[in-house]
$ cat structure-v8.txt   # compact mmCIF, C-alpha atoms and all ligand atoms
# COMPACT_ATOMS: atom_id res chain seq x y z
CA MET A 1 -43.97 124.70 -138.26
CA SER A 2 -45.92 127.67 -136.95
CA GLU A 3 -49.66 127.09 -136.54
CA SER A 4 -50.36 130.34 -138.40
CA PHE A 5 -48.66 129.36 -141.69
CA GLN A 6 -51.14 129.66 -144.55
CA PRO A 7 -50.28 126.94 -147.10
CA PHE A 8 -49.90 127.98 -150.71
CA GLU A 9 -52.61 126.60 -152.99
CA ARG A 10 -50.16 125.47 -155.65
CA LEU A 11 -46.36 125.46 -155.48
CA ALA A 12 -44.58 125.09 -158.83
CA LEU A 13 -40.99 123.88 -158.73
CA ILE A 14 -39.16 124.29 -162.02
CA GLY A 15 -36.04 122.09 -161.94
CA ILE A 16 -36.01 119.13 -159.57
CA GLY A 17 -32.38 118.55 -158.61
CA LEU A 18 -30.83 118.76 -155.14
CA ILE A 19 -32.55 122.03 -154.20
CA GLY A 20 -35.88 121.49 -155.98
CA SER A 21 -36.31 118.00 -154.50
CA SER A 22 -35.32 119.16 -151.00
CA LEU A 23 -37.94 121.91 -151.30
CA ALA A 24 -40.56 119.41 -152.50
CA ILE A 25 -39.81 117.15 -149.52
CA ASN A 26 -40.07 120.11 -147.14
CA ALA A 27 -43.26 121.44 -148.70
CA ARG A 28 -44.90 118.03 -148.28
CA ALA A 29 -43.54 117.29 -144.82
CA HIS A 30 -44.58 120.67 -143.40
CA SER A 31 -47.81 121.09 -145.44
CA LEU A 32 -46.57 124.27 -147.10
CA ALA A 33 -48.63 123.79 -150.26
CA LYS A 34 -51.87 121.97 -151.11
CA HIS A 35 -50.55 120.95 -154.52
CA ILE A 36 -46.93 120.58 -155.66
CA ALA A 37 -46.44 120.86 -159.42
CA ILE A 38 -43.06 119.80 -160.76
CA SER A 39 -41.48 120.55 -164.09
CA THR A 40 -38.09 119.76 -165.53
CA ARG A 41 -36.93 119.63 -169.09
CA ARG A 42 -35.69 116.02 -169.26
CA ALA A 43 -38.31 113.26 -169.32
CA GLU A 44 -36.09 110.81 -167.36
CA THR A 45 -35.63 113.27 -164.52
CA LEU A 46 -39.35 113.97 -164.40
CA THR A 47 -40.10 110.23 -164.28
CA ARG A 48 -37.60 109.82 -161.46
CA ALA A 49 -39.22 112.69 -159.52
CA GLU A 50 -42.56 110.95 -159.95
CA GLU A 51 -41.12 107.61 -158.78
CA LEU A 52 -39.76 109.36 -155.70
CA GLY A 53 -43.23 110.77 -155.01
CA LEU A 54 -41.90 114.32 -154.91
CA GLY A 55 -45.04 116.06 -156.19
CA ASP A 56 -48.71 115.87 -157.13
CA SER A 57 -48.40 116.68 -160.83
CA PHE A 58 -45.51 116.41 -163.27
CA HIS A 59 -45.05 118.52 -166.40
CA LEU A 60 -42.56 118.60 -169.23
CA GLN A 61 -43.72 122.12 -170.09
CA ALA A 62 -42.85 124.57 -167.32
CA ALA A 63 -45.81 126.78 -168.34
CA ASP A 64 -48.21 123.94 -167.44
CA ALA A 65 -46.72 123.66 -163.96
CA VAL A 66 -46.96 127.39 -163.15
CA LYS A 67 -50.57 127.72 -164.33
CA ASP A 68 -52.66 128.70 -161.26
CA ALA A 69 -49.59 128.51 -158.98
CA ASP A 70 -49.39 131.13 -156.22
CA LEU A 71 -45.73 130.32 -155.55
CA VAL A 72 -43.28 129.56 -158.35
CA ILE A 73 -39.66 128.72 -157.53
CA LEU A 74 -37.05 128.28 -160.24
CA CYS A 75 -34.52 125.64 -159.13
CA VAL A 76 -32.41 125.53 -162.30
CA PRO A 77 -28.77 126.56 -162.96
CA VAL A 78 -28.36 130.36 -162.93
CA GLY A 79 -27.52 130.42 -166.64
CA SER A 80 -30.98 129.06 -167.49
CA VAL A 81 -33.28 131.33 -165.47
CA GLY A 82 -33.81 133.89 -168.26
CA ALA A 83 -34.99 131.29 -170.81
CA VAL A 84 -37.22 129.57 -168.23
CA THR A 85 -38.79 132.87 -167.13
CA LYS A 86 -39.52 133.79 -170.73
CA GLU A 87 -41.23 130.43 -171.18
CA ILE A 88 -43.43 130.65 -168.08
CA ALA A 89 -44.23 134.38 -168.14
CA PRO A 90 -47.47 134.19 -170.19
CA ALA A 91 -48.85 131.44 -167.90
CA LEU A 92 -48.15 133.15 -164.56
CA LYS A 93 -51.15 133.86 -162.37
CA SER A 94 -51.77 137.46 -161.38
CA GLY A 95 -50.42 138.09 -157.86
CA ALA A 96 -48.19 134.97 -157.88
CA ILE A 97 -44.91 135.11 -155.99
CA VAL A 98 -42.05 134.23 -158.33
CA SER A 99 -38.74 133.27 -156.74
CA ASP A 100 -35.56 131.27 -157.37
CA VAL A 101 -32.75 129.62 -155.41
CA GLY A 102 -29.76 130.68 -157.52
CA SER A 103 -26.29 131.07 -156.01
CA VAL A 104 -25.91 134.45 -157.77
CA LYS A 105 -28.49 137.21 -157.44
CA GLY A 106 -27.59 140.26 -159.59
CA SER A 107 -27.43 138.35 -162.85
CA VAL A 108 -30.52 136.27 -161.99
CA ILE A 109 -32.53 139.45 -161.41
CA ALA A 110 -31.20 140.98 -164.64
CA GLN A 111 -32.19 137.84 -166.60
CA MET A 112 -35.62 137.28 -165.05
CA ARG A 113 -37.03 140.75 -164.50
CA PRO A 114 -37.49 141.85 -168.12
CA HIS A 115 -39.75 138.84 -168.80
CA LEU A 116 -41.95 139.08 -165.71
CA PRO A 117 -45.42 140.65 -166.00
CA GLU A 118 -46.17 143.68 -163.79
CA ASP A 119 -48.80 141.84 -161.76
CA VAL A 120 -46.50 139.20 -160.17
CA GLU A 121 -44.33 139.59 -157.08
CA PHE A 122 -40.65 138.87 -157.71
CA VAL A 123 -38.66 137.90 -154.59
CA PRO A 124 -35.29 136.28 -155.41
CA ALA A 125 -33.83 133.91 -152.80
CA HIS A 126 -30.72 131.88 -152.10
CA PRO A 127 -30.52 129.11 -149.51
CA ILE A 128 -26.94 128.90 -148.26
CA ALA A 129 -27.31 125.17 -147.99
CA GLY A 130 -26.16 122.46 -150.31
CA THR A 131 -23.92 119.53 -151.00
CA GLU A 132 -21.81 118.32 -153.92
CA GLN A 133 -24.67 116.03 -155.02
CA SER A 134 -27.17 116.84 -157.75
CA GLY A 135 -30.35 115.42 -159.25
CA PRO A 136 -33.75 114.47 -157.79
CA ASP A 137 -32.35 111.63 -155.65
CA ALA A 138 -30.04 114.02 -153.80
CA GLY A 139 -32.73 115.94 -151.90
CA PHE A 140 -33.37 115.51 -148.18
CA LEU A 141 -35.57 117.05 -145.54
CA GLU A 142 -32.89 118.52 -143.27
CA LEU A 143 -30.94 120.36 -145.98
CA PHE A 144 -32.17 123.83 -145.01
CA GLU A 145 -32.26 123.29 -141.26
CA LYS A 146 -30.46 126.06 -139.35
CA ARG A 147 -28.96 127.33 -142.62
CA TRP A 148 -29.33 130.89 -143.83
CA CYS A 149 -31.63 131.76 -146.68
CA ILE A 150 -30.95 135.19 -148.17
CA LEU A 151 -33.76 137.13 -149.83
CA THR A 152 -32.88 139.98 -152.18
CA PRO A 153 -36.24 141.62 -152.93
CA VAL A 154 -36.29 143.96 -155.91
CA GLN A 155 -37.87 147.38 -156.00
CA GLY A 156 -41.58 147.05 -156.56
CA ALA A 157 -42.08 143.77 -154.69
CA SER A 158 -44.57 144.17 -151.87
CA GLU A 159 -43.48 143.72 -148.27
CA ALA A 160 -46.30 141.21 -147.88
CA ALA A 161 -44.83 138.99 -150.62
CA THR A 162 -41.35 139.13 -149.07
CA GLU A 163 -42.83 138.32 -145.67
CA ARG A 164 -44.81 135.39 -147.08
CA LEU A 165 -41.73 133.90 -148.76
CA LYS A 166 -39.79 134.47 -145.56
CA THR A 167 -42.30 132.40 -143.58
CA PHE A 168 -42.02 129.66 -146.23
CA TRP A 169 -38.24 129.43 -145.76
CA ILE A 170 -38.55 129.59 -141.98
CA ALA A 171 -40.97 126.65 -142.19
CA CYS A 172 -38.23 124.78 -144.10
CA GLY A 173 -35.96 125.32 -141.08
CA SER A 174 -33.94 128.28 -142.39
CA ASP A 175 -32.97 131.54 -140.78
CA VAL A 176 -33.78 134.34 -143.20
CA GLU A 177 -31.74 137.47 -143.91
CA ILE A 178 -32.58 140.25 -146.36
CA MET A 179 -29.92 142.16 -148.31
CA THR A 180 -29.26 143.72 -151.69
CA ALA A 181 -28.30 141.49 -154.60
CA GLU A 182 -25.02 143.39 -155.00
CA HIS A 183 -23.99 142.80 -151.40
CA HIS A 184 -25.05 139.14 -151.65
CA ASP A 185 -22.86 138.58 -154.72
CA ARG A 186 -19.79 140.16 -153.08
CA VAL A 187 -20.16 138.16 -149.87
CA LEU A 188 -20.86 134.86 -151.66
CA ALA A 189 -17.90 135.41 -153.97
CA ILE A 190 -15.52 135.08 -151.01
CA VAL A 191 -17.34 132.53 -148.82
CA SER A 192 -18.61 130.17 -151.53
CA HIS A 193 -17.57 130.88 -155.09
CA LEU A 194 -13.81 131.35 -154.52
CA PRO A 195 -13.54 128.22 -152.32
CA HIS A 196 -15.14 126.15 -155.08
CA LEU A 197 -12.76 127.64 -157.67
CA ILE A 198 -9.77 126.85 -155.46
CA ALA A 199 -11.04 123.30 -154.96
CA TYR A 200 -11.51 122.76 -158.71
CA ASN A 201 -8.01 124.13 -159.26
CA ILE A 202 -6.13 122.18 -156.58
CA VAL A 203 -7.72 118.89 -157.58
CA GLY A 204 -7.01 119.69 -161.24
CA THR A 205 -3.37 120.49 -160.43
CA ALA A 206 -2.90 117.24 -158.49
CA TYR A 207 -4.51 115.31 -161.35
CA ASP A 208 -2.18 116.92 -163.91
CA MET A 209 1.10 116.58 -161.97
CA GLU A 210 3.32 114.43 -164.11
CA GLU A 211 5.53 112.90 -161.43
CA VAL A 212 2.56 111.98 -159.23
CA THR A 213 0.32 109.27 -160.61
CA GLN A 214 -3.46 109.41 -160.37
CA SER A 215 -3.45 106.29 -158.19
CA GLU A 216 -1.10 108.01 -155.73
CA VAL A 217 -3.48 110.97 -155.53
CA VAL A 218 -6.22 108.54 -154.54
CA LYS A 219 -4.04 106.38 -152.27
CA TYR A 220 -2.30 109.04 -150.20
CA SER A 221 -4.94 111.78 -150.18
CA ALA A 222 -4.92 113.23 -146.68
CA SER A 223 -8.20 114.48 -145.32
CA GLY A 224 -7.40 118.09 -146.28
CA PHE A 225 -7.11 117.11 -149.93
CA ARG A 226 -10.19 114.92 -149.62
CA ASP A 227 -12.20 117.94 -148.40
CA PHE A 228 -11.21 119.74 -151.59
CA THR A 229 -12.25 116.77 -153.73
CA ARG A 230 -15.74 116.91 -152.22
CA LEU A 231 -16.19 120.51 -153.36
CA ALA A 232 -14.50 119.76 -156.70
CA ALA A 233 -17.09 117.02 -157.30
CA SER A 234 -19.87 119.65 -157.40
CA ASP A 235 -22.05 119.93 -160.49
CA PRO A 236 -20.02 121.33 -163.46
CA THR A 237 -23.00 123.03 -165.15
CA MET A 238 -24.09 124.76 -161.96
CA TRP A 239 -20.60 126.05 -161.18
CA ARG A 240 -19.76 127.07 -164.74
CA ASP A 241 -22.89 129.21 -164.59
CA VAL A 242 -22.02 130.65 -161.15
CA PHE A 243 -18.60 131.90 -162.32
CA LEU A 244 -19.91 133.27 -165.61
CA ASN A 245 -22.74 135.06 -163.78
CA ASN A 246 -20.76 136.44 -160.82
CA ARG A 247 -17.73 137.33 -162.89
CA ASP A 248 -16.77 140.73 -161.48
CA ALA A 249 -17.08 139.85 -157.78
CA THR A 250 -15.26 136.53 -158.29
CA LEU A 251 -12.40 138.18 -160.21
CA GLU A 252 -12.12 140.85 -157.52
CA VAL A 253 -11.76 138.36 -154.64
CA LEU A 254 -9.51 136.16 -156.76
CA ALA A 255 -7.12 139.08 -157.28
CA ARG A 256 -7.04 139.75 -153.54
CA PHE A 257 -6.56 136.04 -152.83
CA SER A 258 -3.64 135.83 -155.28
CA GLU A 259 -1.94 138.79 -153.59
CA ASP A 260 -2.31 137.21 -150.15
CA LEU A 261 -1.04 133.89 -151.50
CA SER A 262 2.06 135.64 -152.86
CA VAL A 263 2.69 137.05 -149.38
CA LEU A 264 2.60 133.53 -147.92
CA GLN A 265 4.80 132.27 -150.76
CA ARG A 266 7.38 134.93 -149.93
CA ALA A 267 7.22 134.17 -146.20
CA ILE A 268 7.99 130.50 -146.93
CA ARG A 269 10.85 131.42 -149.25
CA ASP A 270 12.32 133.88 -146.72
CA GLY A 271 11.87 131.47 -143.81
CA LYS A 272 9.56 133.90 -141.94
CA GLY A 273 8.08 131.43 -139.47
CA ASP A 274 6.60 134.12 -137.20
CA GLN A 275 4.60 135.54 -140.08
CA LEU A 276 3.24 132.13 -141.05
CA PHE A 277 2.43 131.34 -137.42
CA GLU A 278 0.56 134.64 -137.00
CA THR A 279 -1.55 134.08 -140.13
CA PHE A 280 -2.42 130.50 -139.20
CA THR A 281 -3.37 131.55 -135.65
CA LYS A 282 -5.78 134.16 -137.02
CA THR A 283 -7.47 131.69 -139.39
CA ARG A 284 -7.78 129.06 -136.67
CA ALA A 285 -9.91 131.49 -134.64
CA ILE A 286 -12.31 131.91 -137.59
CA ARG A 287 -12.88 128.15 -137.78
CA ARG A 288 -13.75 128.13 -134.06
CA GLU A 289 -16.26 130.96 -134.58
CA ILE A 290 -17.94 129.03 -137.41
CA ILE A 291 -18.25 125.88 -135.29
CA GLU A 292 -19.62 127.87 -132.35
CA ALA A 293 -22.20 129.49 -134.65
CA GLY A 294 -23.32 125.97 -135.70
CA GLN A 295 -22.50 126.71 -139.36
CA ASP A 296 -20.06 123.89 -140.11
CA THR A 297 -20.75 121.53 -142.99
CA PRO A 298 -23.52 118.97 -142.41
CA LYS A 299 -21.96 115.49 -142.21
CA PRO A 300 -22.20 113.57 -145.48
CA ASN A 301 -25.39 111.49 -145.17
CA PHE A 302 -26.37 113.44 -142.07
CA GLY A 303 -29.97 112.40 -141.30
CA ARG A 304 -31.07 112.44 -144.92
CA THR A 305 -34.79 111.87 -144.86
CA LYS A 306 -36.10 110.53 -148.11
CA PRO A 307 -39.74 110.80 -149.09
CA PRO A 308 -41.73 107.62 -148.65
CA LYS A 309 -42.67 106.00 -151.98
CA LYS A 310 -46.25 107.15 -151.57
CA TRP A 311 -47.22 110.15 -149.53
CA GLU A 312 -50.11 109.84 -147.12
CA GLY A 313 -53.14 112.04 -147.80
N1 LIG B 1 -26.13 122.54 -155.20
C1 LIG B 1 -26.05 123.37 -154.20
O1 LIG B 1 -25.34 123.08 -153.23
C2 LIG B 1 -26.83 124.64 -154.23
C3 LIG B 1 -27.39 125.11 -155.40
N2 LIG B 1 -28.06 126.30 -155.41
C4 LIG B 1 -28.64 126.80 -156.66
O2 LIG B 1 -29.77 126.02 -156.92
C5 LIG B 1 -30.00 125.90 -158.31
C6 LIG B 1 -30.20 124.44 -158.63
O3 LIG B 1 -29.08 123.73 -158.19
P1 LIG B 1 -29.15 122.17 -157.87
O4 LIG B 1 -30.48 121.79 -157.38
O5 LIG B 1 -27.97 121.86 -157.05
O6 LIG B 1 -28.91 121.59 -159.33
P2 LIG B 1 -29.22 120.14 -159.94
O7 LIG B 1 -28.27 119.96 -161.05
O8 LIG B 1 -29.29 119.12 -158.87
O9 LIG B 1 -30.69 120.38 -160.52
C7 LIG B 1 -30.99 121.27 -161.54
C8 LIG B 1 -32.31 120.88 -162.14
O10 LIG B 1 -32.67 121.83 -163.14
C9 LIG B 1 -33.05 121.16 -164.33
N3 LIG B 1 -32.80 122.06 -165.44
C10 LIG B 1 -31.62 122.50 -165.91
N4 LIG B 1 -31.82 123.38 -166.89
C11 LIG B 1 -33.16 123.49 -167.06
C12 LIG B 1 -34.00 124.22 -167.91
N5 LIG B 1 -33.47 125.03 -168.82
N6 LIG B 1 -35.34 124.08 -167.78
C13 LIG B 1 -35.87 123.26 -166.86
N7 LIG B 1 -35.14 122.54 -166.01
C14 LIG B 1 -33.79 122.65 -166.12
C15 LIG B 1 -32.22 119.90 -164.32
O11 LIG B 1 -32.73 118.90 -165.14
C16 LIG B 1 -32.33 119.53 -162.82
O12 LIG B 1 -33.57 118.91 -162.58
C17 LIG B 1 -28.79 126.53 -159.00
O13 LIG B 1 -29.16 127.79 -159.47
C18 LIG B 1 -27.77 126.67 -157.89
O14 LIG B 1 -26.97 127.82 -158.08
C19 LIG B 1 -28.28 127.02 -154.27
C20 LIG B 1 -27.78 126.58 -153.07
C21 LIG B 1 -26.99 125.38 -152.97
O1 LIG B 2 -21.34 121.71 -150.56
C1 LIG B 2 -20.94 122.75 -150.01
O2 LIG B 2 -20.07 122.75 -149.15
C2 LIG B 2 -21.53 124.05 -150.40
O3 LIG B 2 -20.89 125.05 -150.28
C3 LIG B 2 -22.92 124.01 -150.85
C4 LIG B 2 -23.42 125.26 -151.50
C5 LIG B 2 -23.17 125.44 -152.85
C6 LIG B 2 -23.68 126.56 -153.48
C7 LIG B 2 -24.41 127.47 -152.77
O4 LIG B 2 -24.89 128.53 -153.41
C8 LIG B 2 -24.67 127.30 -151.43
C9 LIG B 2 -24.17 126.18 -150.80
$ encode --input "structure-v8.txt" --output "C-alpha cells"
Amino acid sequence: MSESFQPFERLALIGIGLIGSSLAINARAHSLAKHIAISTRRAETLTRAEELGLGDSFHLQAADAVKDADLVILCVPVGSVGAVTKEIAPALKSGAIVSDVGSVKGSVIAQMRPHLPEDVEFVPAHPIAGTEQSGPDAGFLELFEKRWCILTPVQGASEAATERLKTFWIACGSDVEIMTAEHHDRVLAIVSHLPHLIAYNIVGTAYDMEEVTQSEVVKYSASGFRDFTRLAASDPTMWRDVFLNNRDATLEVLARFSEDLSVLQRAIRDGKGDQLFETFTKTRAIRREIIEAGQDTPKPNFGRTKPPKKWEG
C-alpha cells in the first residue's frame, strides 16, 4: 500500500458476506481504517463475523455502525440498498463518504439517493471481482487483486471524495475505472449478467431433461458443463435482485443473444460448417485476449487468505 494513504477513522460495512468480509480483511491487512464497524441484519451472521475477527465492533442496527463513520460501504443485495439507506440516513456523519458494491448501478443510485442527506458524499462502486460463494466465511484477501473496480460518481459528489475512494480500492489491489452508471449497466449486462442467466438456464434445462437422469448429469458432466454449474451455484437472492434491477439492459442483450443463437441454430441445420468455423475462430481470439490481459477467473481456492482468529494490535 502507498505510504501516503490516510486511513479512514471508522469504516462501516453494512452486510458481511463475500464482498463485505473481503473488504474487512483488506481494510485490516492494509490498515485502511482505524476502526471497522460491522452490521448485518441476522444475529447468526454477525456472531460468525465476530468469531472470524472481521471487525472491531458489531451491530445489529446498521445506524449504530455508521455513527461517526467517515466511510460507509453497503455490501448487501442490490434490492435492499434503498431500505438500508433509509435506515442509516439519520445517523450519517456530515462529510462521510457513502458507497456500495452492487453489481447494478443505475437502480442502486435511484434507490439510495433520495434518502441521503445533502452533506454526505455519495460515490457508488462495483468491484468486478467475485466467486459463487457467499456469506462471511467466503471472504479472502486476494479477491480484489488486479481486478477492476468501477466507480460511477453522481453529480454533486466532490472530486476529492471520488479520489479518496479510488485510493481505498487501489489499496485493496484493484485497478479503478470511472464511468457513468448507464454505461456500467449496459457493459455488465453482457459480460456478467447474461452469462449468469445462461448458466442458470443451461443447468436448469439439464436438470429438467426427462430422458437424462440427475445422476447422469453429475456423472458425465464435462468440464464445460461444470463451468456453468459454478456460475449457476451463485447466490439466488443476489442474482434475482441483479436481474430485477438491470431489467432493460439485460433484456436488450438477451434479445441480441437469442438472435445470434438462432443464426447458429440455422447454420447447424443447414450444415454450414464454414460459418460455424468462422464464428468459433473469432471467439477463440477473445479468450486469448482475456488471458493475456490477466483477467481470467481466479482459481477456486486460489491463495485465499483468511483472517487470523485474533488480529494483532
Ligand atoms: N458475489 C459476487 O461475486 C459479487 C457481488 N457483488 C455485489 O455485492 C453485494 C453483496 O454481495 P455478496 O457479498 O456476494 O453477498 P452475500 O450474500 O455473501 O452477503 C450479503 C450480506 O448482506 C446481508 N444482508 C442482506 N440483506 C440485508 C439487509 N436488508 N440489511 C442488512 N444486511 C443485509 C446478508 O446477511 C449478508 O451478510 C451485492 O450487491 C452484489 O451485487 C459485487 C461483485 C461481486
Ligand atoms: O464468479 C464469477 O465468475 C463472477 O462473475 C463473479 C462476479 C459476480 C458479480 C459481479 O458483479 C462481479 C463478479
$ atom_distance --input "structure-v8.txt" --atom1 "CA of Ser21 in chain A" --atom2 "atom P1 of ligand LIG 1 (chain B)"
8.9 Å
$ residues_near_ligand --input "structure-v8.txt" --ligand "ligand LIG 1 (chain B)" --cutoff "7 Å" --atoms "only C-alpha atoms and all ligand atoms" --output "PyMOL selection string"
chain A and resi 14-20+39-42+45+75-78+80+83-84+101-104+126-136+235+238+242
$ residues_around --input "structure-v8.txt" --residues "Glu145 in chain A" --least-positions-apart "5" --cutoff "10 Å" --atoms "all atoms listed in the file" --output "list in words"
Ala129, Trp169, Ile170, Ala171, Cys172, Gly173, Ser174, Asp175 and Pro298 of chain A
$ closest_residue --input "structure-v8.txt" --among "A:Ala33, A:Val176, A:Ala125, A:Val203" --to "ligand LIG 2 (chain B)" --atoms "all atoms listed in the file"
A:Ala125
$ atom_distance --input "structure-v8.txt" --atom1 "CA of Val154 in chain A" --atom2 "atom C7 of ligand LIG 2 (chain B)"
20.6 Å
$ residues_around --input "structure-v8.txt" --residues "Ala161 in chain A" --least-positions-apart "6" --cutoff "8 Å" --atoms "all atoms listed in the file" --output "ChimeraX atom specification"
/A:97,121,123
$ write_last_selection --input "structure-v8.txt" --atoms "C-alpha atoms" --output "PDB file, in the coordinates of the input"
ATOM      1  CA  ILE A  97     -44.910 135.110-155.990  1.00  0.00           C
ATOM      2  CA  GLU A 121     -44.330 139.590-157.080  1.00  0.00           C
ATOM      3  CA  VAL A 123     -38.660 137.900-154.590  1.00  0.00           C
TER       4      VAL A 123
END
$ closest_residue --input "structure-v8.txt" --among "A:Asp260, A:Thr237, A:Leu276, A:His196" --to "ligand LIG 2 (chain B)" --atoms "only C-alpha atoms and all ligand atoms"
A:His196
$ axis_aligned_box --input "structure-v8.txt" --around "range 237-254 of chain A" --padding-each-side "8 Å" --output "lines of an AutoDock Vina configuration file"
center_x = -16.8
center_y = 131.9
center_z = -160.1
size_x = 30.6
size_y = 33.8
size_z = 27.0
$ atom_distance --input "structure-v8.txt" --atom1 "CA of Ser158 in chain A" --atom2 "CA of Lys67 in chain A"
21.5 Å
$ residues_around --input "structure-v8.txt" --residues "Ile202 in chain A" --least-positions-apart "4" --cutoff "9 Å" --atoms "only C-alpha atoms" --output "JSON, numbers by chain"
{"A": [197, 198, 206, 207, 225, 228, 229, 232]}
$ closest_residue --input "structure-v8.txt" --among "A:His193, A:Arg266, A:Arg287, A:Lys272" --to "Leu251 in chain A" --atoms "all atoms listed in the file"
A:His193
$ closest_residue --input "structure-v8.txt" --among "A:Glu9, A:Glu182, A:Asp248, A:Asp100" --to "ligand LIG 2 (chain B)" --atoms "all atoms listed in the file"
A:Asp100
$ closest_residue --input "structure-v8.txt" --among "A:Ile268, A:Leu165, A:Ile178, A:Leu143" --to "ligand LIG 2 (chain B)" --atoms "all atoms listed in the file"
A:Leu143
$ residues_around --input "structure-v8.txt" --residues "Gly156 in chain A" --least-positions-apart "4" --cutoff "12 Å" --atoms "all atoms listed in the file" --output "list in words"
Arg113, Glu118, Asp119, Val120, Glu121, Phe122, Val123, Ala160, Ala161 and Thr162 of chain A
$ closest_residue --input "structure-v8.txt" --among "A:Ala199, A:Leu141, A:Ala49, A:Ile286" --to "ligand LIG 2 (chain B)" --atoms "all atoms listed in the file"
A:Ala199
$ residues_around --input "structure-v8.txt" --residues "Ala89 in chain A" --least-positions-apart "4" --cutoff "10 Å" --atoms "only C-alpha atoms" --output "list in words"
Ala62, Ala63, Val66, Lys67, Val84, Thr85, Lys93, Met112, His115, Leu116, Pro117 and Val120 of chain A
